[in-house]
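Student: final-v1.tsv is reproduced below (TSV, C-alpha atoms).
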chain	number	residue	atom	x	y	z
Q	1	MET	CA	19.82	-4.24	-6.12
Q	2	ALA	CA	17.44	-6.85	-4.74
Q	3	ILE	CA	14.12	-6.20	-3.02
Q	4	LEU	CA	12.86	-8.89	-0.63
Q	5	THR	CA	9.14	-8.47	-0.02
Q	6	SER	CA	6.73	-11.04	1.38
Q	7	SER	CA	3.90	-9.67	-0.76
Q	8	PHE	CA	3.93	-7.84	-4.08
Q	9	ASP	CA	1.86	-6.72	-7.03
Q	10	PRO	CA	-0.86	-7.71	-7.92
Q	11	VAL	CA	-1.77	-7.61	-4.21
Q	12	ILE	CA	-3.06	-4.18	-3.12
Q	13	GLY	CA	-1.51	-2.56	-0.04
Q	14	GLY	CA	0.89	0.12	1.05
Q	15	ALA	CA	3.89	-2.22	1.35
Q	16	GLU	CA	3.19	-3.77	-2.03
Q	17	THR	CA	2.78	-0.39	-3.71
Q	18	TYR	CA	6.01	0.86	-2.15
Q	19	ALA	CA	7.95	-2.16	-3.41
Q	20	LEU	CA	6.42	-1.86	-6.87
Q	21	ASN	CA	7.17	1.87	-7.13
Q	22	LEU	CA	10.71	1.38	-5.83
Q	23	ALA	CA	11.44	-1.45	-8.29
Q	24	GLU	CA	10.13	0.51	-11.25
Q	25	GLY	CA	11.78	3.75	-10.15
Q	26	LEU	CA	15.21	2.24	-9.51
Q	27	THR	CA	15.07	0.41	-12.85
Q	28	ALA	CA	14.12	3.59	-14.70
Q	29	SER	CA	17.09	5.39	-13.13
Q	30	GLY	CA	19.53	2.81	-14.45
Q	31	HIS	CA	19.82	0.18	-11.72
Q	32	GLN	CA	19.46	-3.56	-12.21
Q	33	VAL	CA	16.70	-4.73	-9.87
Q	34	LEU	CA	15.56	-8.16	-8.75
Q	35	VAL	CA	12.32	-8.55	-6.77
Q	36	LEU	CA	12.04	-11.68	-4.62
Q	37	THR	CA	8.55	-12.36	-3.32
Q	38	ASP	CA	5.96	-15.00	-2.52
Q	39	THR	CA	3.58	-16.58	-5.00
Q	40	PRO	CA	-0.02	-15.58	-4.15
Q	41	ARG	CA	-2.16	-18.54	-3.10
Q	42	ASP	CA	-4.49	-18.27	-6.08
Q	43	MET	CA	-1.70	-17.80	-8.65
Q	44	ASP	CA	-0.34	-20.60	-10.83
Q	45	ALA	CA	3.38	-20.61	-10.12
Q	46	ALA	CA	4.12	-22.03	-13.57
Q	47	ALA	CA	2.07	-19.43	-15.44
Q	48	ALA	CA	3.84	-16.59	-17.21
Q	49	ASP	CA	3.51	-13.15	-15.67
Q	50	PRO	CA	0.79	-11.38	-17.67
Q	51	ARG	CA	2.47	-8.03	-17.15
Q	52	PRO	CA	5.77	-7.10	-18.84
Q	53	ARG	CA	8.21	-5.85	-16.22
Q	54	PRO	CA	11.41	-3.87	-16.71
Q	55	TYR	CA	13.01	-5.53	-13.66
Q	56	GLU	CA	13.53	-9.19	-12.79
Q	57	LEU	CA	10.82	-10.84	-10.70
Q	58	THR	CA	11.10	-14.17	-8.91
Q	59	ARG	CA	8.10	-15.61	-7.09
Q	60	LEU	CA	9.15	-18.22	-4.55
Q	61	VAL	CA	7.06	-21.37	-4.25
Q	62	LEU	CA	9.33	-24.39	-3.72
Q	63	TYR	CA	9.44	-23.80	0.04
Q	64	ARG	CA	5.84	-25.00	0.24
Q	65	ASP	CA	6.90	-28.55	-0.60
Q	66	ARG	CA	9.31	-28.45	2.33
Q	67	LEU	CA	6.60	-27.22	4.68
Q	68	PHE	CA	4.43	-30.23	3.92
Q	69	ASP	CA	7.21	-32.81	3.71
Q	70	ARG	CA	6.59	-35.28	6.54
Q	71	GLN	CA	10.33	-35.95	6.74
Q	72	LYS	CA	10.96	-32.33	7.73
Q	73	LEU	CA	10.51	-30.61	11.08
Q	74	LEU	CA	7.74	-28.09	10.54
Q	75	TRP	CA	9.08	-25.51	12.98
Q	76	GLU	CA	12.51	-25.65	11.38
Q	77	GLU	CA	11.03	-25.25	7.90
Q	78	MET	CA	8.86	-22.33	9.05
Q	79	ALA	CA	12.08	-20.49	9.86
Q	80	PHE	CA	14.46	-21.66	7.14
Q	81	SER	CA	12.58	-23.20	4.19
Q	82	LEU	CA	13.04	-20.04	2.06
Q	83	ALA	CA	16.82	-20.15	2.36
Q	84	ALA	CA	17.60	-22.54	-0.50
Q	85	GLU	CA	15.50	-20.65	-3.09
Q	86	LEU	CA	16.79	-17.29	-1.92
Q	87	LYS	CA	20.43	-18.36	-2.03
Q	88	ALA	CA	20.19	-19.84	-5.52
Q	89	ARG	CA	18.59	-16.72	-6.95
Q	90	LEU	CA	20.83	-14.25	-5.14
Q	91	ASP	CA	23.99	-16.18	-6.05
Q	92	ALA	CA	22.99	-15.82	-9.71
Q	93	PHE	CA	22.04	-12.15	-9.46
Q	94	ARG	CA	24.81	-11.01	-7.04
Q	95	PRO	CA	23.28	-7.75	-5.77
Q	96	GLU	CA	25.32	-5.04	-4.10
Q	97	ALA	CA	22.38	-3.94	-1.96
Q	98	LEU	CA	19.34	-5.66	-0.47
Q	99	VAL	CA	16.12	-3.94	0.61
Q	100	SER	CA	13.78	-5.91	2.87
Q	101	ASN	CA	10.20	-4.71	2.95
Q	102	SER	CA	8.61	-6.04	6.15
Q	103	LEU	CA	9.39	-7.28	9.64
Q	104	ASP	CA	9.30	-10.93	8.58
Q	105	ALA	CA	11.51	-10.28	5.56
Q	106	ALA	CA	14.05	-8.61	7.86
Q	107	PHE	CA	14.85	-11.94	9.53
Q	108	GLN	CA	15.70	-13.46	6.15
Q	109	ALA	CA	17.62	-10.35	5.12
Q	110	ALA	CA	19.73	-10.40	8.26
Q	111	MET	CA	20.83	-13.99	7.56
Q	112	ILE	CA	21.62	-13.09	3.95
Q	113	ARG	CA	23.53	-9.96	4.99
Q	114	ARG	CA	25.72	-11.83	7.47
Q	115	SER	CA	26.45	-14.58	4.95
Q	116	THR	CA	27.34	-12.27	2.07
Q	117	PRO	CA	30.49	-10.13	2.44
Q	118	GLY	CA	30.12	-6.64	1.02
Q	119	LEU	CA	26.31	-6.73	0.75
Q	120	ALA	CA	24.53	-3.65	2.09
Q	121	TRP	CA	21.12	-4.10	3.75
Q	122	ALA	CA	18.42	-1.47	4.11
Q	123	ALA	CA	15.10	-2.30	5.78
Q	124	ALA	CA	11.69	-0.76	5.19
Q	125	PHE	CA	8.72	-1.50	7.45
Q	126	HIS	CA	5.03	-0.91	6.83
Q	127	GLU	CA	3.26	-2.82	9.63
Q	128	HIS	CA	1.08	-0.41	11.55
Q	129	ALA	CA	1.06	-1.67	15.15
Q	130	PRO	CA	3.13	-4.87	15.41
Q	131	GLN	CA	4.06	-3.98	18.98
Q	132	ASP	CA	0.48	-4.82	20.00
Q	133	GLU	CA	0.76	-8.42	18.76
Q	134	PRO	CA	2.04	-11.33	20.91
Q	135	PHE	CA	5.67	-10.66	21.85
Q	136	GLY	CA	5.37	-7.57	19.68
Q	137	THR	CA	7.75	-5.33	21.60
Q	138	GLY	CA	10.33	-8.12	21.60
Q	139	ARG	CA	9.91	-8.55	17.87
Q	140	MET	CA	10.50	-4.84	17.33
Q	141	ALA	CA	13.56	-4.80	19.59
Q	142	VAL	CA	15.08	-7.79	17.80
Q	143	VAL	CA	14.50	-6.50	14.26
Q	144	TYR	CA	15.43	-2.85	14.80
Q	145	GLY	CA	18.07	-3.34	17.49
Q	146	ASP	CA	19.56	-6.84	17.46
Q	147	LEU	CA	19.51	-7.52	13.72
Q	148	ARG	CA	20.85	-4.02	13.04
Q	149	PRO	CA	19.99	-3.15	9.41
Q	150	ASP	CA	22.66	-0.95	7.84
Q	151	ALA	CA	19.87	1.57	7.21
Q	152	VAL	CA	16.16	1.88	7.92
Q	153	LEU	CA	14.12	3.50	5.15
Q	154	ALA	CA	11.26	5.23	6.97
Q	155	GLY	CA	8.42	6.28	4.68
Q	156	SER	CA	6.92	8.68	7.21
Q	157	GLN	CA	7.70	10.38	10.51
Q	158	PHE	CA	5.49	7.77	12.17
Q	159	TYR	CA	7.80	4.96	11.00
Q	160	ALA	CA	10.95	7.00	11.66
Q	161	GLU	CA	10.02	7.65	15.30
Q	162	ARG	CA	9.27	3.97	15.85
Q	163	ALA	CA	12.58	2.93	14.30
Q	164	ARG	CA	14.49	5.37	16.51
Q	165	ARG	CA	12.66	4.12	19.59
Q	166	TYR	CA	13.67	0.49	19.04
Q	167	GLY	CA	16.92	0.84	17.10
Q	168	GLN	CA	19.81	3.18	16.34
Q	169	SER	CA	18.64	6.64	15.36
Q	170	GLU	CA	21.69	7.40	13.19
Q	171	ARG	CA	20.69	4.58	10.83
Q	172	VAL	CA	17.16	5.92	10.25
Q	173	HIS	CA	16.50	7.83	7.02
Q	174	LEU	CA	13.17	9.63	6.66
Q	175	ILE	CA	12.21	9.40	2.99
Q	176	HIS	CA	8.53	10.01	2.42
Q	177	HIS	CA	6.84	7.54	0.11
Q	178	GLY	CA	6.39	8.89	-3.37
Q	179	VAL	CA	3.77	7.98	-5.94
Q	180	PRO	CA	3.92	8.13	-9.74
Q	181	THR	CA	1.81	10.49	-11.79
Q	182	PRO	CA	-0.69	8.23	-13.58
Q	183	GLN	CA	-1.44	8.60	-17.26
Q	184	VAL	CA	-5.14	7.89	-17.67
Q	185	ASP	CA	-7.14	8.99	-20.71
Q	186	ALA	CA	-10.87	9.51	-21.23
Q	187	ARG	CA	-11.25	6.11	-22.83
Q	188	THR	CA	-9.86	4.36	-19.77
Q	189	THR	CA	-12.17	6.35	-17.52
Q	190	ALA	CA	-15.16	5.39	-19.65
Q	191	GLU	CA	-14.16	1.72	-19.60
Q	192	TRP	CA	-13.89	1.67	-15.83
Q	193	ARG	CA	-17.19	3.44	-15.34
Q	194	ALA	CA	-18.75	0.85	-17.64
Q	195	ARG	CA	-17.11	-1.91	-15.59
Q	196	TYR	CA	-19.26	-0.86	-12.62
Q	197	GLN	CA	-22.32	0.05	-14.74
Q	198	LEU	CA	-22.03	3.75	-13.97
Q	199	SER	CA	-23.84	6.34	-16.02
Q	200	ASP	CA	-22.53	9.80	-16.87
Q	201	ARG	CA	-24.94	11.29	-14.34
Q	202	ASP	CA	-23.78	9.15	-11.40
Q	203	LEU	CA	-21.62	10.79	-8.74
Q	204	VAL	CA	-19.06	8.24	-7.61
Q	205	ILE	CA	-17.06	7.90	-4.38
Q	206	ALA	CA	-14.08	5.52	-4.44
Q	207	CYS	CA	-12.17	3.92	-1.57
Q	208	VAL	CA	-9.18	1.59	-1.95
Q	209	GLY	CA	-7.43	-0.40	0.75
Q	210	ARG	CA	-7.08	-3.69	2.55
Q	211	PHE	CA	-10.27	-4.95	4.14
Q	212	LYS	CA	-9.36	-4.07	7.70
Q	213	ALA	CA	-11.50	-2.34	10.32
Q	214	ARG	CA	-8.91	0.43	10.75
Q	215	LYS	CA	-9.51	1.54	7.16
Q	216	GLY	CA	-12.88	3.00	8.22
Q	217	MET	CA	-14.96	1.36	5.50
Q	218	THR	CA	-17.78	0.65	7.98
Q	219	GLU	CA	-18.14	4.36	8.71
Q	220	LEU	CA	-17.92	5.15	5.00
Q	221	ILE	CA	-20.83	2.86	4.16
Q	222	LYS	CA	-22.92	4.34	6.99
Q	223	ALA	CA	-22.12	7.88	5.85
Q	224	PHE	CA	-22.91	6.99	2.25
Q	225	ALA	CA	-26.27	5.47	3.24
Q	226	SER	CA	-27.22	8.64	5.13
Q	227	LEU	CA	-26.83	10.79	1.99
Q	228	ALA	CA	-29.99	9.47	0.29
Q	229	PRO	CA	-27.79	8.02	-2.47
Q	230	ARG	CA	-30.66	6.50	-4.45
Q	231	ASP	CA	-32.36	9.84	-4.93
Q	232	ARG	CA	-29.14	11.66	-5.77
Q	233	ARG	CA	-27.61	9.06	-8.11
Q	234	LEU	CA	-24.66	8.42	-5.80
Q	235	ARG	CA	-22.50	5.30	-6.10
Q	236	LEU	CA	-19.73	3.91	-3.92
Q	237	LEU	CA	-16.77	1.81	-5.11
Q	238	ILE	CA	-14.78	-0.13	-2.51
Q	239	ALA	CA	-11.77	-1.96	-3.90
Q	240	GLY	CA	-9.38	-3.91	-1.78
Q	241	SER	CA	-7.61	-7.07	-0.83
Q	242	VAL	CA	-8.08	-9.62	1.91
Q	243	SER	CA	-4.36	-10.43	1.81
Q	244	SER	CA	-3.05	-9.77	5.34
Q	245	ALA	CA	-6.55	-8.52	6.08
Q	246	SER	CA	-9.92	-10.09	6.85
Q	247	GLN	CA	-12.44	-11.87	4.64
Q	248	GLU	CA	-14.80	-11.79	7.61
Q	249	TYR	CA	-14.64	-7.99	7.68
Q	250	ALA	CA	-15.22	-7.82	3.92
Q	251	ASP	CA	-18.30	-10.01	4.34
Q	252	ARG	CA	-19.55	-7.80	7.19
Q	253	LEU	CA	-19.27	-4.76	4.94
Q	254	ARG	CA	-21.47	-6.43	2.34
Q	255	SER	CA	-24.00	-7.37	5.03
Q	256	LEU	CA	-24.02	-3.79	6.34
Q	257	ALA	CA	-24.73	-2.45	2.85
Q	258	ALA	CA	-27.70	-4.81	2.60
Q	259	GLU	CA	-28.97	-3.83	6.06
Q	260	LEU	CA	-28.84	-0.15	5.11
Q	261	ASP	CA	-30.72	-0.86	1.85
Q	262	CYS	CA	-28.00	0.37	-0.47
Q	263	ALA	CA	-26.27	-2.84	-1.54
Q	264	GLU	CA	-27.12	-2.28	-5.21
Q	265	LEU	CA	-25.42	1.13	-5.07
Q	266	ILE	CA	-22.12	-0.17	-3.68
Q	267	SER	CA	-19.61	-2.11	-5.77
Q	268	PHE	CA	-17.08	-4.27	-3.93
Q	269	ASP	CA	-14.10	-5.32	-6.01
Q	270	GLU	CA	-11.41	-7.71	-4.75
Q	271	THR	CA	-9.85	-8.15	-8.20
Q	272	VAL	CA	-8.26	-4.72	-8.67
Q	273	VAL	CA	-4.44	-4.81	-8.71
Q	274	ALA	CA	-2.05	-2.01	-7.81
Q	275	GLU	CA	-1.42	-0.78	-11.35
Q	276	GLN	CA	-5.21	-0.41	-11.89
Q	277	VAL	CA	-5.82	1.89	-8.93
Q	278	PRO	CA	-5.26	5.12	-10.93
Q	279	ALA	CA	-7.77	3.94	-13.54
Q	280	LEU	CA	-10.30	3.12	-10.82
Q	281	PHE	CA	-9.82	6.54	-9.23
Q	282	SER	CA	-10.28	8.15	-12.64
Q	283	ALA	CA	-13.76	6.62	-12.77
Q	284	ALA	CA	-14.67	8.40	-9.51
Q	285	ASP	CA	-15.65	11.97	-8.72
Q	286	LEU	CA	-14.27	11.80	-5.20
Q	287	VAL	CA	-11.81	9.66	-3.21
Q	288	ALA	CA	-12.61	8.79	0.41
Q	289	GLN	CA	-10.05	7.36	2.85
Q	290	PRO	CA	-11.63	7.45	6.34
Q	291	SER	CA	-8.90	5.49	8.16
Q	292	HIS	CA	-8.75	5.19	11.93
Q	293	GLU	CA	-4.95	4.83	11.81
Q	294	GLU	CA	-2.27	5.08	9.15
Q	295	GLY	CA	1.49	4.96	8.97
Q	296	LEU	CA	1.23	7.40	6.05
Q	297	GLY	CA	-1.77	6.74	3.79
Q	298	LEU	CA	-0.64	5.90	0.26
Q	299	ALA	CA	-4.21	5.80	-1.03
Q	300	VAL	CA	-4.57	9.48	-0.11
Q	301	LEU	CA	-1.46	10.27	-2.16
Q	302	GLU	CA	-2.69	8.13	-5.05
Q	303	GLY	CA	-6.04	9.90	-5.03
Q	304	MET	CA	-4.34	13.29	-5.17
Q	305	ALA	CA	-1.94	12.11	-7.89
Q	306	ALA	CA	-4.98	11.01	-9.93
Q	307	ARG	CA	-6.32	14.59	-9.68
Q	308	ARG	CA	-9.29	13.62	-7.54
Q	309	PRO	CA	-10.54	15.54	-4.49
Q	310	VAL	CA	-9.97	13.62	-1.27
Q	311	VAL	CA	-11.98	13.33	1.95
Q	312	THR	CA	-9.98	11.68	4.72
Q	313	THR	CA	-9.41	11.65	8.47
Q	314	ARG	CA	-7.31	13.61	10.91
Q	315	VAL	CA	-4.90	10.90	12.11
Q	316	ASN	CA	-1.15	10.38	12.40
Q	317	GLY	CA	0.38	9.53	9.06
Q	318	ILE	CA	-2.33	11.21	7.00
Q	319	ASN	CA	-1.57	14.43	8.87
Q	320	GLU	CA	1.93	14.22	7.36
Q	321	ILE	CA	0.32	14.38	3.93
Q	322	VAL	CA	-2.41	16.94	4.56
Q	323	THR	CA	-0.21	19.76	5.77
Q	324	ARG	CA	-2.53	22.44	4.34
Q	325	ASP	CA	-6.30	22.84	4.58
Q	326	ASP	CA	-6.71	23.30	0.84
Q	327	VAL	CA	-5.35	19.91	-0.32
Q	328	ALA	CA	-7.98	17.61	1.27
Q	329	LEU	CA	-11.00	17.73	3.56
Q	330	GLN	CA	-10.30	16.08	6.92
Q	331	VAL	CA	-12.69	14.91	9.64
Q	332	GLU	CA	-12.21	13.09	12.92
Q	333	ALA	CA	-11.85	9.32	12.60
Q	334	ARG	CA	-14.96	7.21	13.36
Q	335	ASP	CA	-17.25	10.28	13.13
Q	336	VAL	CA	-19.94	9.16	10.69
Q	337	LYS	CA	-21.87	12.45	10.76
Q	338	ALA	CA	-18.77	14.53	10.07
Q	339	LEU	CA	-17.73	12.18	7.29
Q	340	ALA	CA	-21.18	12.40	5.70
Q	341	ALA	CA	-21.10	16.20	5.92
Q	342	ALA	CA	-17.68	16.38	4.25
Q	343	LEU	CA	-18.75	14.02	1.47
Q	344	ASN	CA	-21.94	16.01	0.96
Q	345	ARG	CA	-20.02	19.27	0.78
Q	346	MET	CA	-17.80	17.90	-1.97
Q	347	LEU	CA	-20.57	16.16	-3.89
Q	348	THR	CA	-22.79	19.25	-4.05
Q	349	ASP	CA	-20.08	21.65	-5.25
Q	350	PRO	CA	-18.26	20.79	-8.53
Q	351	CYS	CA	-16.08	23.91	-8.28
Q	352	LEU	CA	-14.94	22.90	-4.80
Q	353	ARG	CA	-14.07	19.43	-6.04
Q	354	GLN	CA	-12.00	20.94	-8.84
Q	355	ARG	CA	-10.11	23.26	-6.47
Q	356	TYR	CA	-9.22	20.44	-4.10
Q	357	ALA	CA	-8.27	18.16	-6.97
Q	358	GLU	CA	-5.83	20.68	-8.46
Q	359	ALA	CA	-4.36	21.72	-5.11
Q	360	GLY	CA	-3.89	18.11	-4.05
Q	361	TYR	CA	-2.24	17.21	-7.34
Q	362	ALA	CA	0.24	20.08	-7.07
Q	363	HIS	CA	0.94	19.16	-3.43
Q	364	VAL	CA	1.86	15.58	-4.35
Q	365	GLN	CA	4.11	16.70	-7.21
Q	366	GLU	CA	5.99	19.07	-4.93
Q	367	ASN	CA	6.28	16.95	-1.80
Q	368	PHE	CA	5.66	13.27	-2.57
Q	369	SER	CA	7.05	12.64	-6.03
Q	370	LEU	CA	8.32	9.19	-6.93
Q	371	PRO	CA	11.55	10.49	-8.56
Q	372	VAL	CA	12.57	12.21	-5.31
Q	373	MET	CA	11.87	9.06	-3.26
Q	374	VAL	CA	13.84	6.89	-5.69
Q	375	ARG	CA	16.77	9.30	-5.88
Q	376	ARG	CA	17.08	9.63	-2.09
Q	377	THR	CA	16.74	5.88	-1.59
Q	378	ALA	CA	19.44	5.18	-4.16
Q	379	GLU	CA	21.71	7.69	-2.43
Q	380	VAL	CA	21.26	5.93	0.90
Q	381	LEU	CA	22.01	2.54	-0.65
Q	382	ALA	CA	25.06	3.89	-2.48
Q	383	GLY	CA	26.31	5.41	0.76
Q	384	LEU	CA	26.26	1.99	2.41
Translate this structure into structure tokens?

Tutor:
Amino acid sequence: MAILTSSFDPVIGGAETYALNLAEGLTASGHQVLVLTDTPRDMDAAAADPRPRPYELTRLVLYRDRLFDRQKLLWEEMAFSLAAELKARLDAFRPEALVSNSLDAAFQAAMIRRSTPGLAWAAAFHEHAPQDEPFGTGRMAVVYGDLRPDAVLAGSQFYAERARRYGQSERVHLIHHGVPTPQVDARTTAEWRARYQLSDRDLVIACVGRFKARKGMTELIKAFASLAPRDRRLRLLIAGSVSSASQEYADRLRSLAAELDCAELISFDETVVAEQVPALFSAADLVAQPSHEEGLGLAVLEGMAARRPVVTTRVNGINEIVTRDDVALQVEARDVKALAAALNRMLTDPCLRQRYAEAGYAHVQENFSLPVMVRRTAEVLAGL
């Protein structure tokens, strides 16, 4: 099986985490897997991957020479410059199934599918509101309807409903995203607390996600500042990526922390990669995910899987995760006072934090396990 994803580990994000979990899960269940992805801008394409991987990984980079070749037509290369690298690698690997992992990757996958007899194509999508972008509704109609993936892998009801609206409902398979159960020991926790200069007495809130306004990090900083954090030894960790996000927004968050006189109590980390998120969460006492909108909310699942209590918002996607009141505290999105009150309730009651942590962990194991996601995905691909 081949997975075509425009972005991948070490970049943090829901789409990247899904592709990483799927690649590892399919490999562990006996499949041969090839991941085809881009080379991050700050990565040396010739450098060896520092992480051993059980699956094959190819990072494409040669297309960039074509984009800047003055003998080429730029518009033509924007559409087709990936083709040569993709064909060479896929001809060598010869997959029976191809999973594309974004709207842009679907265009490439459709060309590959129609050029490769017997190849099955399943498409997963993680973009939150592409219909609001220029020609967005047309883009959705083309990808879901005109390109006609053999199957759409919908990681939440939110994505499933959208796929049915623009495409063929019989091809849509609702398979909730699953997350692995992390193995983090006390030594790892201590190392990560030391990384951010945290003492044993500090109470730590962690938030992970792309630096986008819809992730609610502005409201989180305001709520944190209102809790008299300096007097109560509170700290806030915000880890994320500006890939497909906004460096400007990340800079505004840092300015806001300074304006609210709590900059020294907030650690911003743009270096954390997907496999490190469980370790980061283990260094925290509480996970906060105050998103305005979510297709599902993988960070909420990852927080629960790390046995940490979660404070989040009452929005579509996250509501599919928090189906019971005892697995996470929810507040209305953008409500700073309610968010501060929920954080304060958790921070002042260790027993409450423990109850939510254990209930959330059990909830993830029962309803959002990675083995179930992998098994159901493999069944769909085999059925094609």

Student: Could you name the residues that touch Q:Phe224 at 10 Å or less, counting all atoms listed in the file, but leaving out those on the same chain fewer than 6 positions away, as a VMD selection string?

Tutor: chain Q and resid 205 218 234 to 236 257 260 262 265 to 266 336 339 to 340 343 to 344

Student: Restricted to C-alpha atoms, what would the selected residues look like written as a PDB file, in the frame of the given file?

Tutor:
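File produced: part-v6.pdb:
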ATOM      1  CA  ILE Q 205     -17.060   7.900  -4.380  1.00  0.00           C
ATOM      2  CA  THR Q 218     -17.780   0.650   7.980  1.00  0.00           C
ATOM      3  CA  LEU Q 234     -24.660   8.420  -5.800  1.00  0.00           C
ATOM      4  CA  ARG Q 235     -22.500   5.300  -6.100  1.00  0.00           C
ATOM      5  CA  LEU Q 236     -19.730   3.910  -3.920  1.00  0.00           C
ATOM      6  CA  ALA Q 257     -24.730  -2.450   2.850  1.00  0.00           C
ATOM      7  CA  LEU Q 260     -28.840  -0.150   5.110  1.00  0.00           C
ATOM      8  CA  CYS Q 262     -28.000   0.370  -0.470  1.00  0.00           C
ATOM      9  CA  LEU Q 265     -25.420   1.130  -5.070  1.00  0.00           C
ATOM     10  CA  ILE Q 266     -22.120  -0.170  -3.680  1.00  0.00           C
ATOM     11  CA  VAL Q 336     -19.940   9.160  10.690  1.00  0.00           C
ATOM     12  CA  LEU Q 339     -17.730  12.180   7.290  1.00  0.00           C
ATOM     13  CA  ALA Q 340     -21.180  12.400   5.700  1.00  0.00           C
ATOM     14  CA  LEU Q 343     -18.750  14.020   1.470  1.00  0.00           C
ATOM     15  CA  ASN Q 344     -21.940  16.010   0.960  1.00  0.00           C
TER      16      ASN Q 344
END

Student: Got a sec: who's within 9 Å of stretch 297-309 of chain Q, counting all atoms listed in the file, leaving out chain neighbours fewer than 6 positions off, as an mmCIF file with C-alpha atoms, keeping the file's coordinate frame?

Tutor:
data_model
loop_
_atom_site.group_PDB
_atom_site.id
_atom_site.type_symbol
_atom_site.label_atom_id
_atom_site.label_comp_id
_atom_site.auth_asym_id
_atom_site.auth_seq_id
_atom_site.Cartn_x
_atom_site.Cartn_y
_atom_site.Cartn_z
ATOM 1 C CA GLY Q 13 -1.510 -2.560 -0.040
ATOM 2 C CA GLY Q 14 0.890 0.120 1.050
ATOM 3 C CA THR Q 17 2.780 -0.390 -3.710
ATOM 4 C CA TYR Q 18 6.010 0.860 -2.150
ATOM 5 C CA HIS Q 177 6.840 7.540 0.110
ATOM 6 C CA GLY Q 178 6.390 8.890 -3.370
ATOM 7 C CA VAL Q 179 3.770 7.980 -5.940
ATOM 8 C CA PRO Q 180 3.920 8.130 -9.740
ATOM 9 C CA THR Q 181 1.810 10.490 -11.790
ATOM 10 C CA PRO Q 182 -0.690 8.230 -13.580
ATOM 11 C CA GLN Q 183 -1.440 8.600 -17.260
ATOM 12 C CA VAL Q 184 -5.140 7.890 -17.670
ATOM 13 C CA CYS Q 207 -12.170 3.920 -1.570
ATOM 14 C CA VAL Q 208 -9.180 1.590 -1.950
ATOM 15 C CA GLY Q 209 -7.430 -0.400 0.750
ATOM 16 C CA VAL Q 277 -5.820 1.890 -8.930
ATOM 17 C CA PRO Q 278 -5.260 5.120 -10.930
ATOM 18 C CA ALA Q 279 -7.770 3.940 -13.540
ATOM 19 C CA PHE Q 281 -9.820 6.540 -9.230
ATOM 20 C CA SER Q 282 -10.280 8.150 -12.640
ATOM 21 C CA ALA Q 284 -14.670 8.400 -9.510
ATOM 22 C CA ASP Q 285 -15.650 11.970 -8.720
ATOM 23 C CA LEU Q 286 -14.270 11.800 -5.200
ATOM 24 C CA VAL Q 287 -11.810 9.660 -3.210
ATOM 25 C CA ALA Q 288 -12.610 8.790 0.410
ATOM 26 C CA GLN Q 289 -10.050 7.360 2.850
ATOM 27 C CA SER Q 291 -8.900 5.490 8.160
ATOM 28 C CA GLY Q 317 0.380 9.530 9.060
ATOM 29 C CA ILE Q 318 -2.330 11.210 7.000
ATOM 30 C CA ILE Q 321 0.320 14.380 3.930
ATOM 31 C CA VAL Q 327 -5.350 19.910 -0.320
ATOM 32 C CA ALA Q 328 -7.980 17.610 1.270
ATOM 33 C CA LEU Q 329 -11.000 17.730 3.560
ATOM 34 C CA MET Q 346 -17.800 17.900 -1.970
ATOM 35 C CA LEU Q 352 -14.940 22.900 -4.800
ATOM 36 C CA ARG Q 353 -14.070 19.430 -6.040
ATOM 37 C CA GLN Q 354 -12.000 20.940 -8.840
ATOM 38 C CA ARG Q 355 -10.110 23.260 -6.470
ATOM 39 C CA TYR Q 356 -9.220 20.440 -4.100
ATOM 40 C CA ALA Q 357 -8.270 18.160 -6.970
ATOM 41 C CA GLU Q 358 -5.830 20.680 -8.460
ATOM 42 C CA ALA Q 359 -4.360 21.720 -5.110
ATOM 43 C CA GLY Q 360 -3.890 18.110 -4.050
ATOM 44 C CA TYR Q 361 -2.240 17.210 -7.340
ATOM 45 C CA ALA Q 362 0.240 20.080 -7.070
ATOM 46 C CA HIS Q 363 0.940 19.160 -3.430
ATOM 47 C CA VAL Q 364 1.860 15.580 -4.350
ATOM 48 C CA GLN Q 365 4.110 16.700 -7.210
ATOM 49 C CA PHE Q 368 5.660 13.270 -2.570
#

Student: Which is closer to Q:Ser6 than all the others in Q:Ala263, Q:Ala48, Q:Ala109, Q:Leu227, using all atoms listed in the file?

Tutor: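 When distances to Q:Ser6 are compared using all atoms listed in the file, the smallest one comes from Q:Ala109.
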
Student: In Å to one decimal, how far is atom CA of Q:Gln157 from atom CA of Q:Leu119?

Tutor: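 Distance between the two atoms: 27.1 Å.
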
Student: Mind running stretch 283-351 of chain Q against stretch 122-139 of chain Q at 9 Å and telling me each contacting residue's nearest atom pair with the distance in Å (one decimal), counting all atoms listed in the file, chain and number ascending, as a tab-separated table?

Tutor:
residue	atom	partner	partner_atom	distance
Q:Glu293	CA	Q:His128	CA	8.0
Q:Glu294	CA	Q:His128	CA	6.9
Q:Gly295	CA	Q:His128	CA	6.0

Student: Pick out the closest residue to Q:Leu253 from this set: Q:Ala239, Q:Ala338, Q:Ile12, Q:Ala28. Count only C-alpha atoms.

Tutor: Q:Ala239

Student: Between Q:Ile175, Q:Ala378, Q:Ala46, Q:Ile3, which is the closest to Q:Ala154 once you count all atoms listed in the file?

Tutor: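 Looking at the shortest contact to Q:Ala154, the residue is Q:Ile175.
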
Student: In Å, with one decimal, what is the gap from atom CA of Q:Leu82 to atom CA of Q:Gln32?

Tutor: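 These atoms are spaced 22.7 Å apart.
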
Student: Could you tell me which of Q:Asp65, Q:Glu56, Q:Glu275, Q:Asp49 comes closest to Q:Leu90 if we count all atoms listed in the file?

Tutor: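 Answer, going by the shortest atom-to-atom distance: Q:Glu56.
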